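Input: a single structure, listed below in structure tokens.
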Amino acid sequence: MTSKRKTHPATPETPHATNTKALLQAMEKRTAELRMILDTETLALSQSDIPGFFALQDRKADMAKSWHSALVDVAAARHENATPLDPATKAKLESLRIEMAETVRRNRMAIERSSRSMNRLSERIMTHARRAAEEKSRVSYSAAGQIRSDTKRALSMGISESA
């Protein structure tokens, strides 16, 4: 007959509590670092600092992986110890989640805004290039890429077979 081991919530003197506290501190640190990178990226985008934006990408990817790893560690420790998180730890994790979600939302909006701006700029450049090509030559390309000519050409009619 096997007996089930009773699990107890972590208390300050148990190893699980110390491990959870260390994992939570690592999670807080990585969240703060990732949020700082995302905020810097958002600022670069709002200032149209495209080189600055691209300079952050490797660092952001590395920190996102580290942040995800910390998140997995917290979940694994919780599952491994089969103990519920104390209310303070739960509240702290929820606070981190909310802060990160807000930071990501602001960052995503800045990226979308920058993308729309780049698309508008590309369209303006293409429009001006098409106009310049049309003015320089009587043969030009349409927006669909077809050759367009402003010269009048003779049209071959062929034989009409209608009665």
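Ordered as shown in the structure tokens, chains take letters A, B, and onward, while each chain numbers its residues from 1 and ligands are numbered from 1 in the order shown.
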
(message) Excluding Gln25 (chain A) and its own-chain neighbours fewer than 2 positions away, which residues fall within 12 Å of it when counting only C-alpha atoms? Please give them as a ChimeraX atom specification.
(response) /A:18-23,27-32,67,70-71,73-74,89,92-93,96

(message) So, with only C-alpha atoms as the atoms that count, which of A:Glu102, A:Glu123, A:Glu135, A:Glu33 lies closest to Met63 (chain A)?
(response) A:Glu33

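Distance check against Ser66 (chain A) using only C-alpha atoms: of A:Leu43, A:Ile50, A:Leu34, A:Met109, the minimum falls on A:Leu34.
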
(message) If we count only C-alpha atoms and set the cut-off at 12 Å, which residues sit around Arg106 (chain A), ignoring sequence neighbours fewer than 3 positions away in its own chain? Please answer as a list in words.
(response) Arg35, Leu38, Asp39, Thr40, Glu41, Thr42, Leu43, Leu45, Ser46, Glu99, Met100, Ala101, Glu102, Thr103, Met109, Ala110, Ile111, Glu112 and Arg113 of chain A

May I have the selected residues written with N, CA and C atoms, as a PDB file, in the first residue's frame?
ATOM      1  N   ARG A  35      11.483  44.680 -20.438  1.00  0.00           N
ATOM      2  CA  ARG A  35      10.643  45.873 -20.559  1.00  0.00           C
ATOM      3  C   ARG A  35      11.470  47.099 -20.914  1.00  0.00           C
ATOM      4  N   LEU A  38      12.251  46.870 -24.590  1.00  0.00           N
ATOM      5  CA  LEU A  38      11.044  47.169 -25.371  1.00  0.00           C
ATOM      6  C   LEU A  38      10.700  48.661 -25.306  1.00  0.00           C
ATOM      7  N   ASP A  39      10.856  49.270 -24.141  1.00  0.00           N
ATOM      8  CA  ASP A  39      10.594  50.706 -24.014  1.00  0.00           C
ATOM      9  C   ASP A  39      11.595  51.521 -24.846  1.00  0.00           C
ATOM     10  N   THR A  40      12.853  51.091 -24.851  1.00  0.00           N
ATOM     11  CA  THR A  40      13.877  51.761 -25.664  1.00  0.00           C
ATOM     12  C   THR A  40      13.548  51.610 -27.145  1.00  0.00           C
ATOM     13  N   GLU A  41      13.109  50.426 -27.531  1.00  0.00           N
ATOM     14  CA  GLU A  41      12.716  50.175 -28.916  1.00  0.00           C
ATOM     15  C   GLU A  41      11.505  51.043 -29.295  1.00  0.00           C
ATOM     16  N   THR A  42      10.538  51.128 -28.420  1.00  0.00           N
ATOM     17  CA  THR A  42       9.349  51.952 -28.665  1.00  0.00           C
ATOM     18  C   THR A  42       9.749  53.416 -28.834  1.00  0.00           C
ATOM     19  N   LEU A  43      10.655  53.886 -27.988  1.00  0.00           N
ATOM     20  CA  LEU A  43      11.133  55.261 -28.091  1.00  0.00           C
ATOM     21  C   LEU A  43      11.865  55.476 -29.421  1.00  0.00           C
ATOM     22  N   LEU A  45      11.403  53.935 -32.204  1.00  0.00           N
ATOM     23  CA  LEU A  45      10.392  53.978 -33.265  1.00  0.00           C
ATOM     24  C   LEU A  45       9.642  55.302 -33.273  1.00  0.00           C
ATOM     25  N   SER A  46       9.303  55.806 -32.090  1.00  0.00           N
ATOM     26  CA  SER A  46       8.561  57.065 -32.032  1.00  0.00           C
ATOM     27  C   SER A  46       9.407  58.235 -32.517  1.00  0.00           C
ATOM     28  N   GLU A  99       2.175  44.176 -16.327  1.00  0.00           N
ATOM     29  CA  GLU A  99       3.161  45.169 -16.762  1.00  0.00           C
ATOM     30  C   GLU A  99       3.756  44.786 -18.121  1.00  0.00           C
ATOM     31  N   MET A 100       4.087  43.511 -18.278  1.00  0.00           N
ATOM     32  CA  MET A 100       4.685  43.054 -19.537  1.00  0.00           C
ATOM     33  C   MET A 100       3.674  43.169 -20.673  1.00  0.00           C
ATOM     34  N   ALA A 101       2.437  42.814 -20.417  1.00  0.00           N
ATOM     35  CA  ALA A 101       1.405  42.904 -21.459  1.00  0.00           C
ATOM     36  C   ALA A 101       1.225  44.343 -21.921  1.00  0.00           C
ATOM     37  N   GLU A 102       1.248  45.285 -21.000  1.00  0.00           N
ATOM     38  CA  GLU A 102       1.106  46.703 -21.361  1.00  0.00           C
ATOM     39  C   GLU A 102       2.315  47.189 -22.158  1.00  0.00           C
ATOM     40  N   THR A 103       3.502  46.783 -21.750  1.00  0.00           N
ATOM     41  CA  THR A 103       4.716  47.171 -22.474  1.00  0.00           C
ATOM     42  C   THR A 103       4.693  46.612 -23.891  1.00  0.00           C
ATOM     43  N   MET A 109       2.066  48.653 -30.928  1.00  0.00           N
ATOM     44  CA  MET A 109       1.436  49.812 -31.559  1.00  0.00           C
ATOM     45  C   MET A 109       2.481  50.688 -32.249  1.00  0.00           C
ATOM     46  N   ALA A 110       3.629  50.867 -31.618  1.00  0.00           N
ATOM     47  CA  ALA A 110       4.700  51.677 -32.228  1.00  0.00           C
ATOM     48  C   ALA A 110       5.230  51.000 -33.484  1.00  0.00           C
ATOM     49  N   ILE A 111       5.373  49.687 -33.453  1.00  0.00           N
ATOM     50  CA  ILE A 111       5.846  48.952 -34.630  1.00  0.00           C
ATOM     51  C   ILE A 111       4.830  49.065 -35.763  1.00  0.00           C
ATOM     52  N   GLU A 112       3.555  48.903 -35.454  1.00  0.00           N
ATOM     53  CA  GLU A 112       2.516  49.017 -36.481  1.00  0.00           C
ATOM     54  C   GLU A 112       2.467  50.432 -37.059  1.00  0.00           C
ATOM     55  N   ARG A 113       2.593  51.437 -36.211  1.00  0.00           N
ATOM     56  CA  ARG A 113       2.597  52.829 -36.661  1.00  0.00           C
ATOM     57  C   ARG A 113       3.794  53.082 -37.579  1.00  0.00           C
TER      58      ARG A 113
END

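Distance-wise, CA of Ala143 (chain A) and CA of Ser115 (chain A) end up 20.9 Å apart.
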